[in-house]
Structure formats: C-alpha cells, structure tokens
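Source file: run-v5.pdb. Holds: PDB, C-alpha atoms and all ligand atoms.
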MODEL        1
ATOM      1  CA  MET A   1     -44.181   0.406  30.352  1.00  0.00           C
ATOM      2  CA  SER A   2     -44.176   0.157  26.648  1.00  0.00           C
ATOM      3  CA  THR A   3     -45.631   2.848  24.496  1.00  0.00           C
ATOM      4  CA  GLU A   4     -45.243   1.167  21.140  1.00  0.00           C
ATOM      5  CA  GLN A   5     -47.568  -1.572  20.120  1.00  0.00           C
ATOM      6  CA  GLU A   6     -46.824  -3.955  17.348  1.00  0.00           C
ATOM      7  CA  THR A   7     -49.513  -4.223  14.734  1.00  0.00           C
ATOM      8  CA  ASN A   8     -49.876  -6.929  12.137  1.00  0.00           C
ATOM      9  CA  ASN A   9     -52.483  -7.533   9.544  1.00  0.00           C
ATOM     10  CA  ASN A  10     -54.587 -10.595  10.026  1.00  0.00           C
ATOM     11  CA  ASN A  11     -56.093 -12.588   7.192  1.00  0.00           C
ATOM     12  CA  ASN A  12     -58.938 -10.198   6.529  1.00  0.00           C
ATOM     13  CA  ASN A  13     -56.631  -7.170   6.571  1.00  0.00           C
ATOM     14  CA  THR A  14     -58.828  -5.230   8.982  1.00  0.00           C
ATOM     15  CA  ASN A  15     -57.901  -6.754  12.318  1.00  0.00           C
ATOM     16  CA  LYS A  16     -54.974  -5.714  14.438  1.00  0.00           C
ATOM     17  CA  THR A  17     -52.907  -8.151  16.475  1.00  0.00           C
ATOM     18  CA  VAL A  18     -51.235  -6.987  19.672  1.00  0.00           C
ATOM     19  CA  LYS A  19     -48.591  -9.142  21.360  1.00  0.00           C
ATOM     20  CA  PHE A  20     -48.301  -9.225  25.139  1.00  0.00           C
ATOM     21  CA  THR A  21     -46.024 -11.124  27.505  1.00  0.00           C
ATOM     22  CA  LEU A  22     -46.884 -12.602  30.881  1.00  0.00           C
ATOM     23  CA  ILE A  23     -44.486 -14.249  33.320  1.00  0.00           C
ATOM     24  CA  PHE A  24     -45.199 -16.160  36.493  1.00  0.00           C
ATOM     25  CA  ILE A  25     -42.305 -16.466  38.966  1.00  0.00           C
ATOM     26  CA  LYS A  26     -42.689 -19.551  41.077  1.00  0.00           C
ATOM     27  CA  ASN A  27     -40.997 -21.679  43.712  1.00  0.00           C
ATOM     28  CA  SER A  28     -42.170 -25.012  45.075  1.00  0.00           C
ATOM     29  CA  GLU A  29     -44.829 -23.517  47.343  1.00  0.00           C
ATOM     30  CA  LYS A  30     -45.526 -20.028  46.111  1.00  0.00           C
ATOM     31  CA  ILE A  31     -46.195 -17.903  43.071  1.00  0.00           C
ATOM     32  CA  LEU A  32     -45.419 -14.216  42.672  1.00  0.00           C
ATOM     33  CA  LEU A  33     -48.306 -12.062  41.492  1.00  0.00           C
ATOM     34  CA  GLY A  34     -48.685  -8.320  41.171  1.00  0.00           C
ATOM     35  CA  LEU A  35     -51.724  -6.161  41.851  1.00  0.00           C
ATOM     36  CA  LYS A  36     -52.021  -3.933  38.785  1.00  0.00           C
ATOM     37  CA  LYS A  37     -52.189  -0.341  39.999  1.00  0.00           C
ATOM     38  CA  ARG A  38     -53.181   1.454  36.801  1.00  0.00           C
ATOM     39  CA  GLY A  39     -54.291   1.047  33.195  1.00  0.00           C
ATOM     40  CA  PHE A  40     -55.457  -2.171  31.589  1.00  0.00           C
ATOM     41  CA  GLY A  41     -56.465  -4.713  34.264  1.00  0.00           C
ATOM     42  CA  ALA A  42     -56.113  -2.263  37.175  1.00  0.00           C
ATOM     43  CA  GLY A  43     -57.251  -3.796  40.475  1.00  0.00           C
ATOM     44  CA  LYS A  44     -56.557  -7.349  39.313  1.00  0.00           C
ATOM     45  CA  TRP A  45     -53.807  -9.748  40.399  1.00  0.00           C
ATOM     46  CA  ASN A  46     -51.777 -11.118  37.512  1.00  0.00           C
ATOM     47  CA  GLY A  47     -48.325 -12.192  36.439  1.00  0.00           C
ATOM     48  CA  PHE A  48     -45.946  -9.514  35.160  1.00  0.00           C
ATOM     49  CA  GLY A  49     -45.892  -8.396  31.550  1.00  0.00           C
ATOM     50  CA  GLY A  50     -46.971  -5.957  28.919  1.00  0.00           C
ATOM     51  CA  LYS A  51     -46.928  -5.176  25.244  1.00  0.00           C
ATOM     52  CA  VAL A  52     -44.061  -6.347  23.089  1.00  0.00           C
ATOM     53  CA  GLU A  53     -42.434  -3.320  21.484  1.00  0.00           C
ATOM     54  CA  LYS A  54     -41.643  -2.858  17.820  1.00  0.00           C
ATOM     55  CA  ASN A  55     -38.303  -4.440  16.907  1.00  0.00           C
ATOM     56  CA  GLU A  56     -38.190  -6.380  20.180  1.00  0.00           C
ATOM     57  CA  SER A  57     -38.382 -10.151  20.536  1.00  0.00           C
ATOM     58  CA  ILE A  58     -41.118 -11.664  22.680  1.00  0.00           C
ATOM     59  CA  LEU A  59     -38.480 -13.068  25.056  1.00  0.00           C
ATOM     60  CA  ASP A  60     -36.746  -9.687  25.424  1.00  0.00           C
ATOM     61  CA  GLY A  61     -40.109  -8.022  25.961  1.00  0.00           C
ATOM     62  CA  ALA A  62     -40.962 -10.476  28.737  1.00  0.00           C
ATOM     63  CA  ILE A  63     -37.626  -9.844  30.508  1.00  0.00           C
ATOM     64  CA  ARG A  64     -37.966  -6.053  30.122  1.00  0.00           C
ATOM     65  CA  GLU A  65     -41.532  -5.934  31.444  1.00  0.00           C
ATOM     66  CA  LEU A  66     -40.666  -8.112  34.446  1.00  0.00           C
ATOM     67  CA  LYS A  67     -37.806  -5.759  35.359  1.00  0.00           C
ATOM     68  CA  GLU A  68     -39.958  -2.633  34.856  1.00  0.00           C
ATOM     69  CA  GLU A  69     -42.844  -3.965  36.910  1.00  0.00           C
ATOM     70  CA  SER A  70     -41.092  -5.871  39.735  1.00  0.00           C
ATOM     71  CA  ASN A  71     -37.380  -4.910  39.609  1.00  0.00           C
ATOM     72  CA  LEU A  72     -36.503  -8.616  39.197  1.00  0.00           C
ATOM     73  CA  THR A  73     -34.186  -9.992  36.524  1.00  0.00           C
ATOM     74  CA  VAL A  74     -34.505 -13.403  34.898  1.00  0.00           C
ATOM     75  CA  THR A  75     -31.832 -14.590  32.456  1.00  0.00           C
ATOM     76  CA  ARG A  76     -32.869 -15.661  28.974  1.00  0.00           C
ATOM     77  CA  SER A  77     -31.979 -19.278  29.738  1.00  0.00           C
ATOM     78  CA  ASP A  78     -34.085 -19.322  32.907  1.00  0.00           C
ATOM     79  CA  MET A  79     -37.179 -18.120  31.034  1.00  0.00           C
ATOM     80  CA  LYS A  80     -39.377 -21.068  30.148  1.00  0.00           C
ATOM     81  CA  TYR A  81     -41.987 -20.464  27.460  1.00  0.00           C
ATOM     82  CA  LEU A  82     -45.159 -22.504  27.942  1.00  0.00           C
ATOM     83  CA  GLY A  83     -47.525 -21.269  25.238  1.00  0.00           C
ATOM     84  CA  TYR A  84     -50.036 -18.563  24.576  1.00  0.00           C
ATOM     85  CA  VAL A  85     -53.557 -17.355  25.174  1.00  0.00           C
ATOM     86  CA  ARG A  86     -55.296 -15.715  22.232  1.00  0.00           C
ATOM     87  CA  TYR A  87     -58.170 -13.285  22.716  1.00  0.00           C
ATOM     88  CA  ASP A  88     -60.329 -12.334  19.740  1.00  0.00           C
ATOM     89  CA  LEU A  89     -62.151  -9.165  20.706  1.00  0.00           C
ATOM     90  CA  THR A  90     -65.374  -8.966  18.718  1.00  0.00           C
ATOM     91  CA  GLU A  91     -66.089  -5.277  19.237  1.00  0.00           C
ATOM     92  CA  SER A  92     -62.696  -3.755  18.498  1.00  0.00           C
ATOM     93  CA  LEU A  93     -61.853  -6.516  15.981  1.00  0.00           C
ATOM     94  CA  GLN A  94     -58.502  -6.691  17.763  1.00  0.00           C
ATOM     95  CA  THR A  95     -56.652  -9.891  18.593  1.00  0.00           C
ATOM     96  CA  ASP A  96     -54.505  -9.927  21.732  1.00  0.00           C
ATOM     97  CA  ILE A  97     -51.966 -12.709  22.071  1.00  0.00           C
ATOM     98  CA  VAL A  98     -50.498 -13.226  25.534  1.00  0.00           C
ATOM     99  CA  TYR A  99     -47.239 -15.235  25.478  1.00  0.00           C
ATOM    100  CA  VAL A 100     -46.881 -17.019  28.811  1.00  0.00           C
ATOM    101  CA  PHE A 101     -43.600 -17.802  30.594  1.00  0.00           C
ATOM    102  CA  ILE A 102     -42.599 -19.317  33.888  1.00  0.00           C
ATOM    103  CA  ALA A 103     -39.340 -18.924  35.820  1.00  0.00           C
ATOM    104  CA  THR A 104     -38.064 -20.402  39.049  1.00  0.00           C
ATOM    105  CA  LYS A 105     -34.738 -18.496  39.223  1.00  0.00           C
ATOM    106  CA  PHE A 106     -34.355 -14.751  39.414  1.00  0.00           C
ATOM    107  CA  SER A 107     -32.080 -12.055  40.825  1.00  0.00           C
ATOM    108  CA  GLY A 108     -32.565  -8.548  42.190  1.00  0.00           C
ATOM    109  CA  ASN A 109     -34.668  -7.123  44.974  1.00  0.00           C
ATOM    110  CA  LEU A 110     -38.398  -7.399  44.555  1.00  0.00           C
ATOM    111  CA  ALA A 111     -39.948  -3.923  44.663  1.00  0.00           C
ATOM    112  CA  GLU A 112     -43.304  -2.246  44.335  1.00  0.00           C
ATOM    113  CA  THR A 113     -43.353  -0.198  41.128  1.00  0.00           C
ATOM    114  CA  GLU A 114     -45.623   2.405  39.571  1.00  0.00           C
ATOM    115  CA  GLU A 115     -47.536  -0.362  37.816  1.00  0.00           C
ATOM    116  CA  MET A 116     -47.551  -3.309  40.221  1.00  0.00           C
ATOM    117  CA  SER A 117     -47.720  -4.126  43.901  1.00  0.00           C
ATOM    118  CA  PRO A 118     -46.106  -7.595  44.258  1.00  0.00           C
ATOM    119  CA  LYS A 119     -47.027 -10.385  46.661  1.00  0.00           C
ATOM    120  CA  TRP A 120     -46.167 -14.078  47.043  1.00  0.00           C
ATOM    121  CA  PHE A 121     -49.177 -16.406  47.225  1.00  0.00           C
ATOM    122  CA  LYS A 122     -49.297 -20.027  48.320  1.00  0.00           C
ATOM    123  CA  ILE A 123     -50.308 -22.113  45.317  1.00  0.00           C
ATOM    124  CA  ASP A 124     -53.565 -23.150  46.993  1.00  0.00           C
ATOM    125  CA  GLU A 125     -54.358 -19.536  47.908  1.00  0.00           C
ATOM    126  CA  ILE A 126     -54.156 -17.983  44.446  1.00  0.00           C
ATOM    127  CA  PRO A 127     -56.864 -15.246  44.346  1.00  0.00           C
ATOM    128  CA  TYR A 128     -58.608 -16.413  41.170  1.00  0.00           C
ATOM    129  CA  ASP A 129     -61.691 -14.364  42.022  1.00  0.00           C
ATOM    130  CA  LYS A 130     -59.552 -11.194  41.869  1.00  0.00           C
ATOM    131  CA  MET A 131     -57.775 -12.089  38.621  1.00  0.00           C
ATOM    132  CA  TRP A 132     -58.889 -11.937  34.981  1.00  0.00           C
ATOM    133  CA  VAL A 133     -61.935 -14.203  34.682  1.00  0.00           C
ATOM    134  CA  ASP A 134     -60.130 -16.620  32.357  1.00  0.00           C
ATOM    135  CA  SER A 135     -57.004 -17.113  34.499  1.00  0.00           C
ATOM    136  CA  LYS A 136     -58.609 -19.920  36.482  1.00  0.00           C
ATOM    137  CA  ASP A 137     -59.025 -21.934  33.268  1.00  0.00           C
ATOM    138  CA  TRP A 138     -55.373 -21.959  32.279  1.00  0.00           C
ATOM    139  CA  LEU A 139     -53.118 -20.932  35.183  1.00  0.00           C
ATOM    140  CA  PRO A 140     -53.397 -24.469  36.664  1.00  0.00           C
ATOM    141  CA  ILE A 141     -51.841 -25.797  33.417  1.00  0.00           C
ATOM    142  CA  VAL A 142     -48.954 -23.329  33.776  1.00  0.00           C
ATOM    143  CA  LEU A 143     -48.473 -24.375  37.402  1.00  0.00           C
ATOM    144  CA  ARG A 144     -48.044 -27.984  36.269  1.00  0.00           C
ATOM    145  CA  ASN A 145     -45.294 -26.818  33.878  1.00  0.00           C
ATOM    146  CA  ARG A 146     -47.312 -28.041  30.938  1.00  0.00           C
ATOM    147  CA  GLY A 147     -47.690 -26.352  27.594  1.00  0.00           C
ATOM    148  CA  LEU A 148     -50.707 -24.119  27.081  1.00  0.00           C
ATOM    149  CA  LEU A 149     -52.859 -23.326  24.075  1.00  0.00           C
ATOM    150  CA  ALA A 150     -55.941 -21.293  24.917  1.00  0.00           C
ATOM    151  CA  LYS A 151     -58.292 -19.251  22.767  1.00  0.00           C
ATOM    152  CA  TYR A 152     -61.117 -16.954  23.782  1.00  0.00           C
ATOM    153  CA  VAL A 153     -63.678 -14.939  21.888  1.00  0.00           C
ATOM    154  CA  LEU A 154     -64.585 -11.968  24.052  1.00  0.00           C
ATOM    155  CA  SER A 155     -67.229  -9.313  23.630  1.00  0.00           C
ATOM    156  CA  GLY A 156     -67.785  -6.007  25.376  1.00  0.00           C
ATOM    157  CA  GLU A 157     -66.060  -5.768  28.691  1.00  0.00           C
ATOM    158  CA  ARG A 158     -64.389  -9.072  28.060  1.00  0.00           C
ATOM    159  CA  ASP A 159     -67.394 -11.384  28.359  1.00  0.00           C
ATOM    160  CA  ILE A 160     -66.438 -14.886  27.257  1.00  0.00           C
ATOM    161  CA  GLN A 161     -68.437 -15.898  24.139  1.00  0.00           C
ATOM    162  CA  LYS A 162     -66.383 -18.949  23.300  1.00  0.00           C
ATOM    163  CA  LYS A 163     -63.359 -20.688  24.726  1.00  0.00           C
ATOM    164  CA  SER A 164     -60.964 -23.523  24.104  1.00  0.00           C
ATOM    165  CA  VAL A 165     -58.235 -24.414  26.599  1.00  0.00           C
ATOM    166  CA  GLU A 166     -55.711 -27.148  25.879  1.00  0.00           C
ATOM    167  CA  ASP A 167     -52.979 -28.719  27.986  1.00  0.00           C
ATOM    168  CA  ILE A 168     -50.278 -29.567  25.416  1.00  0.00           C
ATOM    169  CA  ASP A 169     -46.616 -30.566  25.265  1.00  0.00           C
ATOM    170  CA  VAL A 170     -44.407 -27.527  25.833  1.00  0.00           C
ATOM    171  CA  PRO A 171     -44.052 -25.722  22.474  1.00  0.00           C
ATOM    172  CA  GLU A 172     -41.152 -23.785  20.991  1.00  0.00           C
ATOM    173  CA  LEU A 173     -41.338 -20.003  21.123  1.00  0.00           C
ATOM    174  CA  VAL A 174     -41.501 -18.892  17.506  1.00  0.00           C
TER     175      VAL A 174
HETATM  176  C1  LIG B 201     -58.191 -10.832  29.215  1.00  0.00           C
HETATM  177  N1  LIG B 201     -57.307 -11.735  29.773  1.00  0.00           N
HETATM  178  C2  LIG B 201     -56.068 -11.575  30.208  1.00  0.00           C
HETATM  179  N2  LIG B 201     -55.735 -12.418  31.176  1.00  0.00           N
HETATM  180  C3  LIG B 201     -54.559 -12.309  31.774  1.00  0.00           C
HETATM  181  N3  LIG B 201     -53.627 -11.396  31.447  1.00  0.00           N
HETATM  182  C4  LIG B 201     -53.933 -10.558  30.458  1.00  0.00           C
HETATM  183  C5  LIG B 201     -55.142 -10.599  29.778  1.00  0.00           C
HETATM  184  N4  LIG B 201     -55.111  -9.632  28.837  1.00  0.00           N
HETATM  185  C6  LIG B 201     -53.922  -9.008  28.959  1.00  0.00           C
HETATM  186  N5  LIG B 201     -53.206  -9.559  29.925  1.00  0.00           N
HETATM  187  C7  LIG B 201     -51.909  -9.132  30.463  1.00  0.00           C
HETATM  188  O1  LIG B 201     -52.132  -7.885  31.085  1.00  0.00           O
HETATM  189  C8  LIG B 201     -50.990  -7.072  30.972  1.00  0.00           C
HETATM  190  C9  LIG B 201     -51.384  -5.817  30.251  1.00  0.00           C
HETATM  191  O2  LIG B 201     -50.279  -5.026  30.002  1.00  0.00           O
HETATM  192  P1  LIG B 201     -50.338  -3.461  29.752  1.00  0.00           P
HETATM  193  O3  LIG B 201     -50.227  -2.773  31.031  1.00  0.00           O
HETATM  194  O4  LIG B 201     -51.489  -3.131  28.879  1.00  0.00           O
HETATM  195  O5  LIG B 201     -49.023  -3.312  28.922  1.00  0.00           O
HETATM  196  P2  LIG B 201     -47.880  -2.238  29.050  1.00  0.00           P
HETATM  197  O6  LIG B 201     -47.183  -2.413  30.353  1.00  0.00           O
HETATM  198  O7  LIG B 201     -47.079  -2.385  27.842  1.00  0.00           O
HETATM  199  O8  LIG B 201     -48.785  -0.988  29.112  1.00  0.00           O
HETATM  200  P3  LIG B 201     -48.786   0.532  28.675  1.00  0.00           P
HETATM  201  O9  LIG B 201     -49.347   0.524  27.283  1.00  0.00           O
HETATM  202  O10 LIG B 201     -47.395   1.018  28.767  1.00  0.00           O
HETATM  203  O11 LIG B 201     -49.716   1.127  29.690  1.00  0.00           O
HETATM  204  C10 LIG B 201     -49.951  -7.888  30.247  1.00  0.00           C
HETATM  205  O12 LIG B 201     -49.150  -8.552  31.206  1.00  0.00           O
HETATM  206  C11 LIG B 201     -50.813  -8.911  29.495  1.00  0.00           C
HETATM  207  O13 LIG B 201     -50.073 -10.061  29.236  1.00  0.00           O
ENDMDL
END

Give the structure from the file, written as structure tokens.
Amino acid sequence: MSTEQETNNNNNNTNKTVKFTLIFIKNSEKILLGLKKRGFGAGKWNGFGGKVEKNESILDGAIRELKEESNLTVTRSDMKYLGYVRYDLTESLQTDIVYVFIATKFSGNLAETEEMSPKWFKIDEIPYDKMWVDSKDWLPIVLRNRGLLAKYVLSGERDIQKKSVEDIDVPELV
C-alpha cells in the first residue's frame, strides 16, 4: 500500500494528476483477479495495482504493488506495458491515470493479502458486472495483447459522462 501520491500540475495549474498501476496476470485460459477488500474500489474484482509513489518509476510501482497485494513477483522484462486509461474527475478536478500491464510469467506463492483476495477466472467467465463499470470496455483489448488508449470523463460516484476507447499498437512506457 502506498501512502505517497505523486502530484503534478496540469495545464490549468489547478488540477492534480495521480498515477496508478494495474497489472493483469494471465495464462492461455485464465486471468488472475483480486477482490479488493478495503479502500478505493472495495468489493470489486480488478487487476493488482495502486498509486505510484514519489521518486518511483511506473514499472517499479507496478511490480511493488503486485507483490504487496498478491505476494507474486514479476521480473521487469516479463512486464508488458499495454497503455493507459485516463479518468478526468469533474467534481474533484483530479485526473487519475491508470497504467496497464500484462504478464504471463511470475514467481512466488499466490496469497490472500490485507488488500486483495485473489482468484483465477476463465477468460469467458470474467465477472465484468462486479468490476469497475468501465473495465468491460477495455479489458478485452488487454486480453488480445493489444495496446490501449482509453479516456473517461467521470462525475460524482464515477458516472461516465464521456468516453473514448481505442485499440492501438502497443506503445512505449514513457
Ligand atoms: C474508475 N476506474 C478504474 N477502473 C479500474 N481500475 C481502477 C480504476 N480506478 C483506479 N483503478 C485501480 O484501482 C486500484 C486503486 O488503488 P489504491 O488502493 O487506491 O492504491 P494504493 O494501494 O496505493 O492505496 P492506498 O492509498 O495505500 O490505500 C489501482 O490498482 C488502480 O489502478
């Protein structure tokens, strides 16, 4: 669990940008999801991830959060970056950017942690109705190993005001 959150000024100098990571561990038939036990997104199934800390790279943050939340380790070279999902939150004027990774190799013993209860799901049994409402738009792109560029404008309790979801060539992690 990170405590620090990185803040950047956006163009208008009032918004705050928060960087998150999200990794989906996958084999040919199944995907590993975790049921979030507390905090932001509690009660929802999701990949593993969290806020990128100050002075930490996005890649290192993704590896650290996976270990903290599932006890699994993925090497830097086995982490594949696929793109990001950007959420512009109209009420808080905050922008959340979720950097999405996929990995098919890992080591360590999968464990339930304070934050997540893990479970493997068959690809055709992914519980989209118990995930964030937008996951069904873009997780299929991730599952095809394609690059992802998605943007949402959300209001209130994350109601979608506007969205744009693109399947792109796999980008570089900047
Ligand atoms: C709205 N649509 C969304 N759809 C899918 N996933 C979303 C998401 N918005 C945020 N996420 C992910 O949810 C986790 C929150 O992490 P979160 O628990 O807040 O971070 P961290 O572990 O650093 O928390 P503490 O501040 O220590 O509690 C993190 O994986 C982040 O990528």

Ligand LIG 201 (chain B) neighbours within 6 Å using only C-alpha atoms and all ligand atoms, as a CSV table (one decimal) with C-alpha atoms, in the coordinates of the input:
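Contents of result.csv, freshly written:
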chain,number,residue,atom,x,y,z
A,1,MET,CA,-44.2,0.4,30.4
A,2,SER,CA,-44.2,0.2,26.6
A,3,THR,CA,-45.6,2.8,24.5
A,20,PHE,CA,-48.3,-9.2,25.1
A,21,THR,CA,-46.0,-11.1,27.5
A,22,LEU,CA,-46.9,-12.6,30.9
A,39,GLY,CA,-54.3,1.0,33.2
A,40,PHE,CA,-55.5,-2.2,31.6
A,48,PHE,CA,-45.9,-9.5,35.2
A,49,GLY,CA,-45.9,-8.4,31.6
A,50,GLY,CA,-47.0,-6.0,28.9
A,51,LYS,CA,-46.9,-5.2,25.2
A,98,VAL,CA,-50.5,-13.2,25.5
A,132,TRP,CA,-58.9,-11.9,35.0
A,135,SER,CA,-57.0,-17.1,34.5

(message) I'd like the residues picked by the PyMOL selection byres (((chain A and resi 138) around 12) and not hetatm) written out as a PyMOL selection string, using the chain letters and numbers from the file.
(response) chain A and resi 82-86+100+128+131-137+139-152+163-168

(request) Take atom CA of A:Val74 and atom CA of A:Ser107 and report the distance between them in Å, one decimal. (result)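 Computing the Euclidean distance for atom CA of A:Val74 and atom CA of A:Ser107 yields 6.5 Å.
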
(message) Counting only C-alpha atoms, which residue out of A:Thr90, A:Ser117, A:Thr104, A:Asn55 sits closest to A:Leu33?
(response) A:Ser117

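For the structure in this document, the set picked by the PyMOL selection byres (((chain A and resi 79) around 8) and not hetatm) is Leu59, Val74, Thr75, Arg76, Ser77, Asp78, Lys80, Tyr81, Phe101, Ile102 and Ala103 of chain A.
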
(request) Between atom CA of A:Gly41 and atom CA of A:Gln94, measure the distance and give it in Å to one decimal. (result) 16.7 Å

(message) Set the distance at 12 Å and use only C-alpha atoms: which residues neighbour A:Lys122 once local chain neighbours fewer than 5 positions away are removed? I'd like the list as a PyMOL selection string.
(response) chain A and resi 26-33+127+143
